[in-house]
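> One file: final04.csv (CSV, C-alpha atoms).
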```csv
chain,number,residue,atom,x,y,z
A,1,MET,CA,-52.1,-65.2,6.1
A,2,LEU,CA,-54.9,-65.4,8.7
A,3,TYR,CA,-57.4,-66.5,6.1
A,4,ASN,CA,-57.7,-69.7,4.0
A,5,PHE,CA,-59.5,-68.0,1.1
A,6,ILE,CA,-59.2,-64.3,0.2
A,7,ALA,CA,-61.0,-62.7,-2.8
A,8,ILE,CA,-59.9,-59.4,-4.1
A,9,GLU,CA,-62.6,-57.3,-5.8
A,10,GLY,CA,-63.0,-53.8,-7.3
A,11,THR,CA,-64.3,-52.0,-10.3
A,12,ILE,CA,-62.4,-52.3,-13.6
A,13,GLY,CA,-59.0,-50.9,-13.2
A,14,ALA,CA,-58.8,-51.1,-9.4
A,15,GLY,CA,-55.7,-53.4,-9.3
A,16,LYS,CA,-57.3,-56.7,-8.3
A,17,THR,CA,-55.1,-58.9,-10.4
A,18,THR,CA,-51.9,-57.1,-9.4
A,19,LEU,CA,-52.6,-57.4,-5.7
A,20,ALA,CA,-53.8,-61.0,-5.8
A,21,THR,CA,-50.7,-62.0,-7.8
A,22,ARG,CA,-48.3,-60.4,-5.4
A,23,LEU,CA,-50.1,-61.8,-2.3
A,24,ALA,CA,-49.8,-65.3,-3.8
A,25,GLU,CA,-46.1,-64.8,-4.5
A,26,ASP,CA,-45.2,-63.3,-1.2
A,27,PHE,CA,-47.3,-65.5,1.1
A,28,ASN,CA,-47.3,-68.9,-0.7
A,29,GLY,CA,-50.8,-68.6,-1.9
A,30,LYS,CA,-52.6,-70.6,-4.6
A,31,LEU,CA,-53.5,-68.0,-7.2
A,32,ILE,CA,-56.9,-68.0,-9.0
A,33,LEU,CA,-57.0,-65.5,-11.8
A,34,GLU,CA,-60.1,-64.9,-14.0
A,35,ASN,CA,-59.6,-65.8,-17.6
A,36,PHE,CA,-61.5,-62.8,-19.0
A,37,GLU,CA,-59.3,-62.5,-22.1
A,38,ASP,CA,-60.5,-65.9,-23.4
A,39,ASN,CA,-64.1,-64.6,-23.5
A,40,ASP,CA,-64.9,-63.8,-27.1
A,41,PHE,CA,-68.0,-61.8,-26.1
A,42,LEU,CA,-66.1,-59.2,-24.1
A,43,PRO,CA,-64.9,-57.0,-27.0
A,44,LYS,CA,-68.3,-57.3,-28.6
A,45,PHE,CA,-70.0,-56.2,-25.4
A,46,TYR,CA,-68.1,-53.0,-25.2
A,47,GLN,CA,-69.2,-52.3,-28.8
A,48,ASP,CA,-72.8,-53.2,-28.3
A,49,GLN,CA,-73.8,-53.7,-24.7
A,50,ASP,CA,-77.5,-54.3,-25.3
A,51,LYS,CA,-76.9,-57.1,-27.8
A,52,TYR,CA,-74.1,-59.0,-26.0
A,53,ALA,CA,-74.7,-58.4,-22.3
A,54,PHE,CA,-76.7,-61.6,-21.7
A,55,PRO,CA,-74.3,-64.1,-23.5
A,56,LEU,CA,-71.4,-62.3,-21.9
A,57,GLU,CA,-72.7,-62.6,-18.3
A,58,MET,CA,-73.8,-66.2,-18.8
A,59,SER,CA,-70.4,-67.2,-20.2
A,60,PHE,CA,-68.5,-65.4,-17.4
A,61,MET,CA,-70.7,-67.1,-14.8
A,62,ALA,CA,-70.1,-70.5,-16.2
A,63,ALA,CA,-66.3,-70.0,-16.5
A,64,ARG,CA,-66.0,-68.5,-12.9
A,65,PHE,CA,-68.1,-71.4,-11.5
A,66,GLN,CA,-66.0,-74.0,-13.2
A,67,GLN,CA,-62.7,-72.5,-12.2
A,68,LEU,CA,-63.6,-71.9,-8.6
A,69,LYS,CA,-65.1,-75.4,-8.3
A,70,ASP,CA,-62.0,-77.0,-9.7
A,71,CYS,CA,-59.6,-75.0,-7.6
A,72,LEU,CA,-61.4,-74.7,-4.2
A,73,MET,CA,-62.7,-78.2,-4.0
A,74,ASN,CA,-59.2,-79.7,-4.3
A,75,PHE,CA,-56.9,-79.6,-1.2
A,76,ASP,CA,-53.5,-78.2,-2.1
A,77,LEU,CA,-50.6,-79.4,0.0
A,78,PHE,CA,-48.2,-77.0,-1.5
A,79,HIS,CA,-49.9,-73.7,-0.8
A,80,SER,CA,-51.0,-72.2,2.5
A,81,PHE,CA,-54.2,-70.4,1.3
A,82,PHE,CA,-56.2,-69.4,-1.8
A,83,VAL,CA,-56.3,-65.9,-3.3
A,84,ALA,CA,-58.6,-65.0,-6.2
A,85,ASP,CA,-58.9,-61.8,-8.2
A,86,TYR,CA,-62.7,-62.1,-8.2
A,87,PHE,CA,-65.6,-63.3,-6.2
A,88,ILE,CA,-68.3,-65.4,-7.9
A,89,VAL,CA,-71.0,-62.9,-6.8
A,90,LYS,CA,-69.6,-60.3,-9.2
A,91,SER,CA,-71.6,-62.2,-11.9
A,92,LEU,CA,-74.8,-61.2,-10.2
A,93,ILE,CA,-73.6,-57.6,-9.5
A,94,PHE,CA,-72.6,-57.0,-13.1
A,95,ALA,CA,-75.7,-58.7,-14.5
A,96,LYS,CA,-78.0,-56.6,-12.4
A,97,LYS,CA,-76.5,-53.5,-13.9
A,98,THR,CA,-76.1,-54.6,-17.5
A,99,LEU,CA,-79.2,-56.9,-18.2
A,100,ALA,CA,-82.8,-56.1,-18.9
A,101,GLU,CA,-85.1,-57.0,-16.0
A,102,ASP,CA,-86.5,-60.2,-17.6
A,103,GLU,CA,-83.0,-61.3,-18.6
A,104,TYR,CA,-81.7,-60.6,-15.1
A,105,GLN,CA,-84.5,-62.6,-13.5
A,106,LEU,CA,-83.5,-65.6,-15.7
A,107,PHE,CA,-79.8,-65.1,-15.0
A,108,SER,CA,-80.4,-64.9,-11.2
A,109,ARG,CA,-82.2,-68.2,-11.3
A,110,PHE,CA,-79.2,-69.9,-12.9
A,111,PHE,CA,-76.9,-68.1,-10.5
A,112,GLY,CA,-78.9,-69.3,-7.5
A,113,LEU,CA,-78.5,-72.9,-8.6
A,114,ILE,CA,-74.7,-72.8,-8.8
A,115,ASN,CA,-73.8,-70.4,-6.0
A,116,THR,CA,-74.7,-72.9,-3.3
A,117,ASN,CA,-71.7,-75.1,-4.4
A,118,ILE,CA,-69.0,-72.5,-4.1
A,119,PRO,CA,-67.4,-71.6,-0.8
A,120,LYS,CA,-67.5,-68.0,0.3
A,121,PRO,CA,-64.2,-66.3,0.8
A,122,ASP,CA,-63.1,-65.9,4.5
A,123,LEU,CA,-62.3,-62.3,3.6
A,124,LEU,CA,-63.6,-60.2,0.7
A,125,VAL,CA,-61.3,-57.3,0.0
A,126,TYR,CA,-62.7,-54.4,-2.2
A,127,LEU,CA,-60.3,-51.9,-3.6
A,128,TYR,CA,-62.0,-48.6,-4.0
A,129,LEU,CA,-60.7,-46.0,-6.4
A,130,ASN,CA,-62.5,-42.9,-7.8
A,131,ILE,CA,-63.6,-42.9,-11.4
A,132,ASP,CA,-60.7,-40.7,-12.6
A,133,ARG,CA,-58.1,-43.1,-11.1
A,134,LEU,CA,-59.9,-46.1,-12.6
A,135,GLN,CA,-59.8,-44.5,-16.0
A,136,GLU,CA,-56.1,-43.7,-15.7
A,137,ASN,CA,-55.4,-47.3,-14.9
A,138,ILE,CA,-57.5,-48.5,-17.8
A,139,LYS,CA,-55.7,-46.2,-20.2
A,140,LYS,CA,-52.3,-47.3,-18.8
A,141,ARG,CA,-52.8,-51.0,-19.4
A,142,GLY,CA,-53.9,-50.4,-22.9
A,143,ARG,CA,-56.4,-53.1,-23.7
A,144,LEU,CA,-58.0,-51.8,-26.9
A,145,TYR,CA,-61.5,-53.0,-26.2
A,146,GLU,CA,-61.5,-51.2,-22.8
A,147,GLN,CA,-60.5,-47.8,-24.1
A,148,ASN,CA,-64.0,-46.6,-24.7
A,149,ILE,CA,-65.5,-47.6,-21.3
A,150,GLY,CA,-67.5,-44.6,-20.1
A,151,ASP,CA,-67.5,-43.1,-16.6
A,152,ASP,CA,-71.2,-43.9,-16.4
A,153,TYR,CA,-70.6,-47.6,-16.8
A,154,LEU,CA,-67.8,-47.6,-14.2
A,155,GLU,CA,-70.1,-45.6,-11.8
A,156,LYS,CA,-72.9,-48.1,-12.4
A,157,ILE,CA,-70.7,-51.1,-11.6
A,158,GLN,CA,-69.3,-49.4,-8.5
A,159,THR,CA,-72.8,-48.7,-7.3
A,160,GLY,CA,-73.6,-52.3,-7.8
A,161,TYR,CA,-70.8,-53.4,-5.5
A,162,PHE,CA,-71.9,-51.0,-2.7
A,163,GLU,CA,-75.5,-52.2,-3.0
A,164,PHE,CA,-74.3,-55.7,-2.5
A,165,PHE,CA,-72.2,-54.7,0.5
A,166,ARG,CA,-75.2,-53.0,2.2
A,167,GLN,CA,-77.3,-56.1,1.7
A,168,ASN,CA,-74.8,-58.7,2.9
A,169,SER,CA,-73.6,-58.6,6.4
A,170,ASP,CA,-73.0,-62.3,6.8
A,171,MET,CA,-69.4,-62.3,5.7
A,172,ARG,CA,-66.2,-60.4,6.3
A,173,ILE,CA,-66.0,-57.5,3.8
A,174,LEU,CA,-63.1,-55.1,3.9
A,175,ILE,CA,-63.5,-51.9,1.8
A,176,ILE,CA,-60.1,-50.2,1.3
A,177,ASP,CA,-59.9,-46.7,-0.1
A,178,THR,CA,-56.6,-46.8,-2.1
A,179,ASN,CA,-56.9,-43.3,-3.7
A,180,ASN,CA,-54.0,-42.0,-1.6
A,181,ILE,CA,-51.6,-44.9,-2.0
A,182,ASP,CA,-49.8,-46.7,-4.9
A,183,PHE,CA,-49.2,-50.3,-3.8
A,184,VAL,CA,-47.8,-51.1,-7.3
A,185,LYS,CA,-44.9,-48.6,-7.3
A,186,SER,CA,-44.4,-48.2,-3.5
A,187,ASP,CA,-43.2,-51.0,-1.3
A,188,ASN,CA,-44.2,-49.0,1.8
A,189,ASP,CA,-47.7,-48.6,0.5
A,190,TYR,CA,-47.9,-52.3,-0.3
A,191,LYS,CA,-46.8,-53.1,3.2
A,192,LYS,CA,-49.4,-50.8,4.6
A,193,LEU,CA,-52.1,-52.6,2.5
A,194,ILE,CA,-50.9,-56.0,3.6
A,195,ASN,CA,-51.0,-55.0,7.3
A,196,VAL,CA,-54.6,-53.9,6.8
A,197,ILE,CA,-55.6,-57.1,5.0
A,198,ASN,CA,-53.9,-59.5,7.4
A,199,ARG,CA,-55.9,-58.5,10.5
A,200,PRO,CA,-58.6,-60.5,12.3
A,201,TYR,CA,-62.0,-59.1,11.3
A,202,GLU,CA,-65.4,-59.9,12.6
A,203,ILE,CA,-68.3,-60.7,10.3
A,204,GLY,CA,-69.6,-57.5,8.7
A,205,VAL,CA,-68.4,-54.6,6.6
A,206,HIS,CA,-65.2,-52.8,7.6
A,207,ARG,CA,-63.9,-49.6,5.9
A,208,ILE,CA,-60.3,-48.4,5.8
A,209,ALA,CA,-58.9,-45.3,4.2
A,210,PHE,CA,-55.3,-44.2,3.9
```
Would you mind writing the structure in this file as structure tokens?

Amino acid sequence: MLYNFIAIEGTIGAGKTTLATRLAEDFNGKLILENFEDNDFLPKFYQDQDKYAFPLEMSFMAARFQQLKDCLMNFDLFHSFFVADYFIVKSLIFAKKTLAEDEYQLFSRFFGLINTNIPKPDLLVYLYLNIDRLQENIKKRGRLYEQNIGDDYLEKIQTGYFEFFRQNSDMRILIIDTNNIDFVKSDNDYKKLINVINRPYEIGVHRIAF
């Protein structure tokens, strides 16, 4: 891999964890996976977003910060690079779309305090899927608390990511439209995806569609 730290992002159901896991296995990477299933607020949030959005986002932010700090600050002799299935800034992206304005202002103050201590990825990869494909993947993996996620929520989060991309040109961001490939079932599609990711990119936003 050309990069020391790659973060894989995407809206819920885009295949972040699947891709990050396979990259780590195939290229001797240190895998960093988000422990979202340990968050007791997540099922509650999908039942009552207004009530549980703030404690959910705060708990996610704390967990992500601690995990990335523990992993990235320690040199690993046995792996050639780091790959994570999330980027710490997703905390801010989700919070902006789920919190009331006064809660978001408080949240962003805390986020600003911790974000300076976490290295940015050398390459941020965003897997883009349309809403119908995202919903198909959500249904297939069968997590009960995700089954009632509405299209409007997915669209809102996806919009949040693209707002972030437009406002941040000081890092390498690679947006990949994966609607016409299946990198899970097809080795050829997976190889195409790897060839796109493992290229030298300048700072800025780059878009690839298959």
> What's around Thr21 (chain A) at 10 Å? Count all atoms listed in the file, leave out sequence neighbours fewer than 5 positions away in its own chain, and write the answer as a PyMOL selection string.
chain A and resi 16+26+29-33+83-85
> Any chance you can output those residues with C-alpha atoms as a PDB file, keeping the file's coordinate frame?

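result.pdb, written as the output of this step:
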```pdb
ATOM      1  CA  LYS A  16     -57.300 -56.700  -8.300  1.00  0.00           C
ATOM      2  CA  ASP A  26     -45.200 -63.300  -1.200  1.00  0.00           C
ATOM      3  CA  GLY A  29     -50.800 -68.600  -1.900  1.00  0.00           C
ATOM      4  CA  LYS A  30     -52.600 -70.600  -4.600  1.00  0.00           C
ATOM      5  CA  LEU A  31     -53.500 -68.000  -7.200  1.00  0.00           C
ATOM      6  CA  ILE A  32     -56.900 -68.000  -9.000  1.00  0.00           C
ATOM      7  CA  LEU A  33     -57.000 -65.500 -11.800  1.00  0.00           C
ATOM      8  CA  VAL A  83     -56.300 -65.900  -3.300  1.00  0.00           C
ATOM      9  CA  ALA A  84     -58.600 -65.000  -6.200  1.00  0.00           C
ATOM     10  CA  ASP A  85     -58.900 -61.800  -8.200  1.00  0.00           C
TER      11      ASP A  85
END
```
> Need the shell around region 176-182 of chain A: protein/DNA/RNA residues with any atom at most 8 Å away, counting all atoms listed in the file. Skip same-chain ones fewer than 2 positions apart. Format as a list in words?
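Counting all atoms listed in the file, the residues come to Val125, Tyr126, Leu127, Tyr128, Leu129, Asn130, Arg133, Leu174, Val184, Lys185, Ser186, Asp189, Tyr190, Arg207, Ile208, Ala209 and Phe210 of chain A.
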> Which residues are close to Glu103 (chain A), i.e. within 9 Å by all atoms listed in the file, leaving aside same-chain residues fewer than 5 positions away? Reply as a PDB file with C-alpha atoms, keeping the file's coordinate frame.

```pdb
ATOM      1  CA  PHE A  54     -76.700 -61.600 -21.700  1.00  0.00           C
ATOM      2  CA  ALA A  95     -75.700 -58.700 -14.500  1.00  0.00           C
ATOM      3  CA  SER A 108     -80.400 -64.900 -11.200  1.00  0.00           C
TER       4      SER A 108
END
```
> Determine the nearest neighbour of Ala24 (chain A) from the options A:Ala53, A:Ile149, A:Ala7, A:Ala100, counting all atoms listed in the file.
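Residue with the minimum atom-to-atom distance to Ala24 (chain A): A:Ala7.
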> Hey, can you check how far CA of Ser91 (chain A) sits from CA of Met58 (chain A)?
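Here the two named atoms are 8.3 Å from each other.
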> For CA of Ala14 (chain A) and CA of Phe183 (chain A), quote the distance in Å rounded to one decimal.
11.1 Å
> Calculate how many Å separate CA of Asn198 (chain A) from CA of Glu25 (chain A), rounding to one decimal.
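Value for the CA of Asn198 (chain A)-CA of Glu25 (chain A) distance: 15.2 Å.
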> Restricting the calculation to all atoms listed in the file, which member of A:Arg64, A:Arg141, A:Arg109, A:Lys44 is positioned closest to Thr18 (chain A)?
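Going through A:Arg64, A:Arg141, A:Arg109, A:Lys44 one by one, the smallest distance to Thr18 (chain A) is for A:Arg141.
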> Quick one: residues within 12 Å of Phe82 (chain A), all atoms listed in the file, excluding same-chain residues fewer than 5 positions away - as a VMD selection string?
chain A and resid 1 to 8 20 to 21 23 to 25 27 to 33 68 71 to 77 119 to 123
> Counting only C-alpha atoms, which of A:Glu202, A:Asp132, A:Asp38, A:Asp50 gets nearest to Ser169 (chain A)?
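Of all the options, A:Glu202 lies closest to Ser169 (chain A).
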> Using all atoms listed in the file, pick whichever of A:Glu136, A:Glu57, A:Asp151, A:Glu146 has the shortest atom-to-atom distance to Phe110 (chain A).
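Going through A:Glu136, A:Glu57, A:Asp151, A:Glu146 one by one, the smallest distance to Phe110 (chain A) is for A:Glu57.
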> So, counting all atoms listed in the file, which residue among A:Leu19, A:Phe87, A:Leu134, A:Gln167 is closest to Ile194 (chain A)?
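For Ile194 (chain A), the nearest of the given residues is A:Leu19.
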> Could you give me region 171-199 of chain A completed to N, CA and C atoms, formatted as a CSV table (one decimal), in the frame of the given file?

```csv
chain,number,residue,atom,x,y,z
A,171,MET,N,-70.8,-62.0,6.0
A,171,MET,CA,-69.4,-62.3,5.7
A,171,MET,C,-68.5,-61.2,6.0
A,172,ARG,N,-67.2,-61.5,6.0
A,172,ARG,CA,-66.2,-60.4,6.3
A,172,ARG,C,-65.9,-59.7,5.0
A,173,ILE,N,-66.2,-58.4,5.0
A,173,ILE,CA,-66.0,-57.5,3.8
A,173,ILE,C,-65.1,-56.4,4.2
A,174,LEU,N,-64.0,-56.2,3.6
A,174,LEU,CA,-63.1,-55.1,3.9
A,174,LEU,C,-63.0,-54.2,2.7
A,175,ILE,N,-63.5,-52.9,2.8
A,175,ILE,CA,-63.5,-51.9,1.8
A,175,ILE,C,-62.3,-51.0,2.1
A,176,ILE,N,-61.3,-51.0,1.1
A,176,ILE,CA,-60.1,-50.2,1.3
A,176,ILE,C,-60.1,-49.0,0.3
A,177,ASP,N,-60.1,-47.8,0.8
A,177,ASP,CA,-59.9,-46.7,-0.1
A,177,ASP,C,-58.4,-46.5,-0.4
A,178,THR,N,-58.0,-46.8,-1.7
A,178,THR,CA,-56.6,-46.8,-2.1
A,178,THR,C,-56.3,-45.5,-2.9
A,179,ASN,N,-57.1,-44.5,-2.9
A,179,ASN,CA,-56.9,-43.3,-3.7
A,179,ASN,C,-55.6,-42.6,-3.3
A,180,ASN,N,-55.2,-42.7,-2.1
A,180,ASN,CA,-54.0,-42.0,-1.6
A,180,ASN,C,-52.7,-42.8,-1.5
A,181,ILE,N,-52.8,-44.0,-2.0
A,181,ILE,CA,-51.6,-44.9,-2.0
A,181,ILE,C,-51.4,-45.5,-3.4
A,182,ASP,N,-50.2,-46.0,-3.6
A,182,ASP,CA,-49.8,-46.7,-4.9
A,182,ASP,C,-49.1,-47.9,-4.5
A,183,PHE,N,-49.8,-49.0,-4.3
A,183,PHE,CA,-49.2,-50.3,-3.8
A,183,PHE,C,-48.5,-51.0,-4.9
A,184,VAL,N,-48.6,-50.5,-6.2
A,184,VAL,CA,-47.8,-51.1,-7.3
A,184,VAL,C,-46.4,-50.5,-7.3
A,185,LYS,N,-46.3,-49.2,-7.2
A,185,LYS,CA,-44.9,-48.6,-7.3
A,185,LYS,C,-44.2,-48.5,-5.9
A,186,SER,N,-45.0,-48.4,-4.9
A,186,SER,CA,-44.4,-48.2,-3.5
A,186,SER,C,-44.4,-49.4,-2.7
A,187,ASP,N,-43.3,-49.9,-2.2
A,187,ASP,CA,-43.2,-51.0,-1.3
A,187,ASP,C,-43.8,-50.7,0.0
A,188,ASN,N,-43.6,-49.4,0.5
A,188,ASN,CA,-44.2,-49.0,1.8
A,188,ASN,C,-45.7,-49.0,1.7
A,189,ASP,N,-46.3,-48.5,0.6
A,189,ASP,CA,-47.7,-48.6,0.5
A,189,ASP,C,-48.2,-50.0,0.4
A,190,TYR,N,-47.5,-50.9,-0.3
A,190,TYR,CA,-47.9,-52.3,-0.3
A,190,TYR,C,-47.9,-52.9,1.0
A,191,LYS,N,-46.9,-52.6,1.8
A,191,LYS,CA,-46.8,-53.1,3.2
A,191,LYS,C,-47.9,-52.6,4.1
A,192,LYS,N,-48.3,-51.4,3.9
A,192,LYS,CA,-49.4,-50.8,4.6
A,192,LYS,C,-50.7,-51.6,4.3
A,193,LEU,N,-50.9,-51.9,3.0
A,193,LEU,CA,-52.1,-52.6,2.5
A,193,LEU,C,-52.1,-54.0,3.1
A,194,ILE,N,-51.0,-54.7,3.1
A,194,ILE,CA,-50.9,-56.0,3.6
A,194,ILE,C,-51.2,-56.0,5.1
A,195,ASN,N,-50.7,-55.1,5.9
A,195,ASN,CA,-51.0,-55.0,7.3
A,195,ASN,C,-52.5,-54.8,7.6
A,196,VAL,N,-53.2,-54.1,6.7
A,196,VAL,CA,-54.6,-53.9,6.8
A,196,VAL,C,-55.4,-55.2,6.5
A,197,ILE,N,-54.9,-55.8,5.4
A,197,ILE,CA,-55.6,-57.1,5.0
A,197,ILE,C,-55.4,-58.2,6.0
A,198,ASN,N,-54.2,-58.3,6.5
A,198,ASN,CA,-53.9,-59.5,7.4
A,198,ASN,C,-54.2,-59.2,8.8
A,199,ARG,N,-55.4,-58.7,9.1
A,199,ARG,CA,-55.9,-58.5,10.5
A,199,ARG,C,-57.1,-59.4,10.7
```
